[in-house]
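All remarks here apply to the structure that follows.
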Amino acid sequence: MIQDFLTPVESEVQDYFRTLMKRSVGEQVLFYDGDLPELKKGIALIHVPEYRGSGFLEKSSDALLIRRSLYQLSEIPGALQLIDMGDLKPGAELNDSRAALKLVCEELLAANIFPLIIGGSHDLTYAQLEAFPKQKTGLNLLIADQKIDFFDSKNEAMSDKNFLMEVLTSGKVNLFDFNVIGYQMHFTSGEALHTLDKLNYEAYRLSLLQDNIEEIEPIARDTDVLSFDMGAIRYPDAKGVLDPTPNGFYGQQACQIMRYAGLSGRLKSLGIYGVDTDADEQGQTAQLMAQMIWYFLEARSLSKADFPDFKRRNFIKYSVSVDGTEGEMVFLKSKLSEKWWMEIPDLNEEQSGNRYVIPCSYTDYQLASKNEIPERWMKAVQKFN
């Protein structure tokens with residue numbers, strides 16, 4: 001069925017990619033030919049040249065440039081298998097393209113293959129999310145963007161400016177947690193921040209993360225779906241984007257975020273949106289996107305499950321007494337990766353004694369050791385109770 005929505009990479013172009021460099025990604029990648037192979041640890045790359053959600057009718061991303069930048073990079077270690085699905089065929093209407101992307105991602109997820117979407121405007125995140133079957137627990141969504149795409153009074157149709165409102169209110173996407181990283185205050189309304197806070201969701205300002213990029217790791221570790229707008233990267237590092245701005249993440253920080261996402265054992269889908277190769281000087285943005293994907297793939301291939309296992313005791317336990325909390329605050333440190341986790345008590349009287357475990361950072365443990373309640377702990381208590 002999905003072959004009706006995809007244009008595979010032409011055979012002569014495939015041959016070209018395989019000869020770019022010895023021991024490169026181009027030599028490793030499989031190319032979709034109408035049949036979906038069985039993959040043990042599969043990642044499916046889908047290029048989506050759909051920009052009508054941004055208001056641009058003629059925009060397109062140069063798939064050849066992006067693919068060439070990726071496939072000439074060094075081979076990915078480990079057992080990961082990458083399959084290039086080709087390009088999604090744009091529909092007659094924007095909603096047709098969104099529906100096609102949803103169906104393609106649905107089939108990939110059903111086959112236990114990870115969808116990695118590149119190109120297109122940021123509103124395609126909605127289709128990326130719709131592909132997941134509704135679950136009682138809900139999805140954890142992480143978005144990297146310079147703006148919080150929440151409100152757009154001038155345009156009632158869903159676009160890359162307001163799609164988050166549709167995500168939160170349509171009832172078609174079941175979210176448990178939602179985080180935005182890298183937003184800039186001068187682009188953000190107080191109403192948007194108030195709404196997120198009221199819903200017990202979190203927004204992390206760019207200025208707070210610039211010198212503490214490692215604080216993104218526990219957020220990425222607890223994420224099901226990551227949507228990254230290339231506009232979150234500063235203009236000097238990524239000029240070929242739909243919505244450029246002088247401030248943002250540095251290129252190496254974007255690669256670090258992708259590496260955190262790759263190391264997550266929970267992540268199920270990744271979208272990288274907002275690239276504009278028409279404005280890409282010397283292919284710099286395509287190269288950066290390729291490197292971001294490479295670091296994600298490299299980390300994904302090497303990732304190992306390190307969730308605290310209470311039977312195997314694969315962690316070190318730290319208990320801290322903090323004023324204002326009942327009992328002790330418990331932190332767990334993985335013996336394998338040295339990542340940190342924290343226990344969240346269940347305050348429900350009928351299920352008292354149960355505890356949830358969520359990712360955290362070493363900084364959270366340090367705050368608790370200083371008799372300060374980490375904000376991550378307080379937010380989690382509210383979400384789970």
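For the structure tokens, the naming scheme is as follows: chains receive sequential letters (A, B, ...) according to their order of presentation, residues are indexed from 1 within each chain, and ligands are indexed from 1 in presentation order.
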
Would you mind listing, for every residue of range 90-126 of chain A within 9 Å of range 221-231 of chain A, the two atoms forming the shortest contact and the distance between them in Å to one decimal, using only C-alpha atoms, sorted by chain and ascending residue number, as CSV?
```
residue,atom,partner,partner_atom,distance
A:Ser121,CA,A:Asp229,CA,8.3
A:His122,CA,A:Asp229,CA,6.3
A:Thr125,CA,A:Ser227,CA,6.4
```

Go ahead and save the picked residues with all heavy atoms, as a compact mmCIF listing (two decimals), in the first residue's frame.
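Ended up saving to part29.txt:
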```
# COMPACT_ATOMS: atom_id res chain seq x y z
N SER A 121 7.63 21.32 5.95
CA SER A 121 7.39 22.32 6.98
C SER A 121 7.00 21.66 8.29
O SER A 121 6.59 20.49 8.33
CB SER A 121 6.31 23.31 6.52
OG SER A 121 5.17 22.62 6.03
N HIS A 122 7.10 22.43 9.37
CA HIS A 122 7.02 21.87 10.71
C HIS A 122 5.65 21.30 11.06
O HIS A 122 5.52 20.47 11.97
CB HIS A 122 7.42 22.95 11.73
CG HIS A 122 7.96 22.38 13.01
ND1 HIS A 122 8.20 23.14 14.13
CD2 HIS A 122 8.30 21.11 13.36
CE1 HIS A 122 8.66 22.38 15.09
NE2 HIS A 122 8.74 21.15 14.65
N THR A 125 4.63 17.56 11.64
CA THR A 125 4.72 16.90 12.95
C THR A 125 3.38 16.27 13.33
O THR A 125 3.33 15.21 13.96
CB THR A 125 5.15 17.90 14.03
OG1 THR A 125 6.39 18.50 13.65
CG2 THR A 125 5.29 17.24 15.38
```

(message) Would you pick out the contacts of Leu39 in chain A at 10 Å or less, using only C-alpha atoms, so that residues sharing its chain but fewer than 6 positions from it are not included, and give the list as a list in words?
(response)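 What passes the distance filter is Leu80, Gln81, Leu82, Ile83, Ala111, Asn112 and Ile113 of chain A.
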
(request) Rank nothing, just name the residue among A:Gln282, A:Gln256, A:Ile213, A:Gln382 nearest to Ser361 in chain A, using only C-alpha atoms. (result)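 Distance minimum relative to Ser361 in chain A lands on A:Ile213.
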
Neighbours of Ile316 in chain A within 8 Å (only C-alpha atoms; same-chain residues fewer than 2 positions away dropped), as a tab-separated table (two decimals) with C-alpha atoms, in the first residue's frame?
```tsv
chain	number	residue	atom	x	y	z
A	313	ARG	CA	20.25	-4.16	40.71
A	314	ASN	CA	21.99	-2.52	37.74
A	318	TYR	CA	21.00	7.41	46.65
A	332	LEU	CA	19.21	5.92	40.90
A	333	LYS	CA	22.46	5.97	38.91
A	334	SER	CA	23.00	3.42	36.15
A	335	LYS	CA	26.13	1.31	36.60
```

(message) When you look at Ile66 in chain A with a cut-off of 7 Å (counting only C-alpha atoms), what residues show up, excluding the ones that are within fewer than 3 positions of it in the same chain? I need them as a VMD selection string.
(response) chain A and resid 62 to 63 69 to 70 286 to 287 290

(request) Apply DSSP to the structure's backbone, then extract all residues of range 98-323 of chain A labelled strand (DSSP E) and return them as a VMD selection string. (result) chain A and resid 114 to 118 139 to 144 175 to 183 202 to 205 225 to 229 269 to 273 315 to 321

(request) Taking the chain letters and numbering used in this document, name the residues of range 112-308 of chain A that DSSP puts in alpha helix (DSSP H), as a PyMOL selection string. (result) chain A and resi 125-130+163-169+190-198+206-209+217-221+251-263+284-302

(request) In Å, rounded to a single decimal, give me how far CA of Asp84 in chain A is from CA of Trp294 in chain A. (result)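 CA of Trp294 in chain A sits 13.9 Å away from CA of Asp84 in chain A.
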
With 10 Å as the cut-off and only C-alpha atoms counted, what is the closest atom pair between each nearby residue of range 32-100 of chain A and range 158-180 of chain A? Distances in Å to one decimal, ordered by chain and number, as CSV.
```
residue,atom,partner,partner_atom,distance
A:Tyr51,CA,A:Asp160,CA,9.3
A:Arg52,CA,A:Ser159,CA,8.2
A:Gly53,CA,A:Ser159,CA,4.6
A:Ser54,CA,A:Asp160,CA,5.4
A:Gly55,CA,A:Ser159,CA,7.9
A:Leu94,CA,A:Ser159,CA,9.9
A:Asn95,CA,A:Met158,CA,9.6
```

Store the residues picked out above in a file with N, CA and C atoms, as a PDB file, in the first residue's frame.
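Now in again_33.pdb:
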```pdb
ATOM      1  N   TYR A  51       5.759  21.807   1.437  1.00  0.00           N
ATOM      2  CA  TYR A  51       5.992  23.074   2.132  1.00  0.00           C
ATOM      3  C   TYR A  51       4.770  23.982   2.184  1.00  0.00           C
ATOM      4  N   ARG A  52       3.625  23.492   1.744  1.00  0.00           N
ATOM      5  CA  ARG A  52       2.453  24.364   1.709  1.00  0.00           C
ATOM      6  C   ARG A  52       1.993  24.782   3.097  1.00  0.00           C
ATOM      7  N   GLY A  53       2.356  24.014   4.119  1.00  0.00           N
ATOM      8  CA  GLY A  53       1.996  24.392   5.478  1.00  0.00           C
ATOM      9  C   GLY A  53       2.735  25.618   5.975  1.00  0.00           C
ATOM     10  N   SER A  54       3.819  26.007   5.275  1.00  0.00           N
ATOM     11  CA  SER A  54       4.573  27.200   5.654  1.00  0.00           C
ATOM     12  C   SER A  54       4.152  28.418   4.842  1.00  0.00           C
ATOM     13  N   GLY A  55       3.218  28.220   3.912  1.00  0.00           N
ATOM     14  CA  GLY A  55       2.781  29.323   3.060  1.00  0.00           C
ATOM     15  C   GLY A  55       3.556  29.423   1.767  1.00  0.00           C
ATOM     16  N   LEU A  94      -2.775  19.864   0.603  1.00  0.00           N
ATOM     17  CA  LEU A  94      -1.854  19.702   1.726  1.00  0.00           C
ATOM     18  C   LEU A  94      -2.290  18.561   2.645  1.00  0.00           C
ATOM     19  N   ASN A  95      -3.584  18.490   2.929  1.00  0.00           N
ATOM     20  CA  ASN A  95      -4.081  17.424   3.808  1.00  0.00           C
ATOM     21  C   ASN A  95      -3.862  16.037   3.214  1.00  0.00           C
TER      22      ASN A  95
END
```

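Here CA of Tyr295 in chain A stands at a distance of 5.2 Å from CA of Arg259 in chain A.
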
(request) Go through A:Pro218, A:Pro8, A:Pro77, A:Gly190 and flag the residue nearest Tyr362 in chain A, using only C-alpha atoms for the distances. (result)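 Closest to Tyr362 in chain A, using only C-alpha atoms: A:Pro218.
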
(message) Please compute the CA of Ala110 in chain A-CA of Arg300 in chain A distance, one decimal, in Å.
(response)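 Pair CA of Ala110 in chain A / CA of Arg300 in chain A returns 19.4 Å.
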
(request) Find the residues around Gly78 in chain A up to 9 Å (only C-alpha atoms counted), leave out those fewer than 5 positions away in its own chain, and share them as a PyMOL selection string. (result) chain A and resi 298+301-302
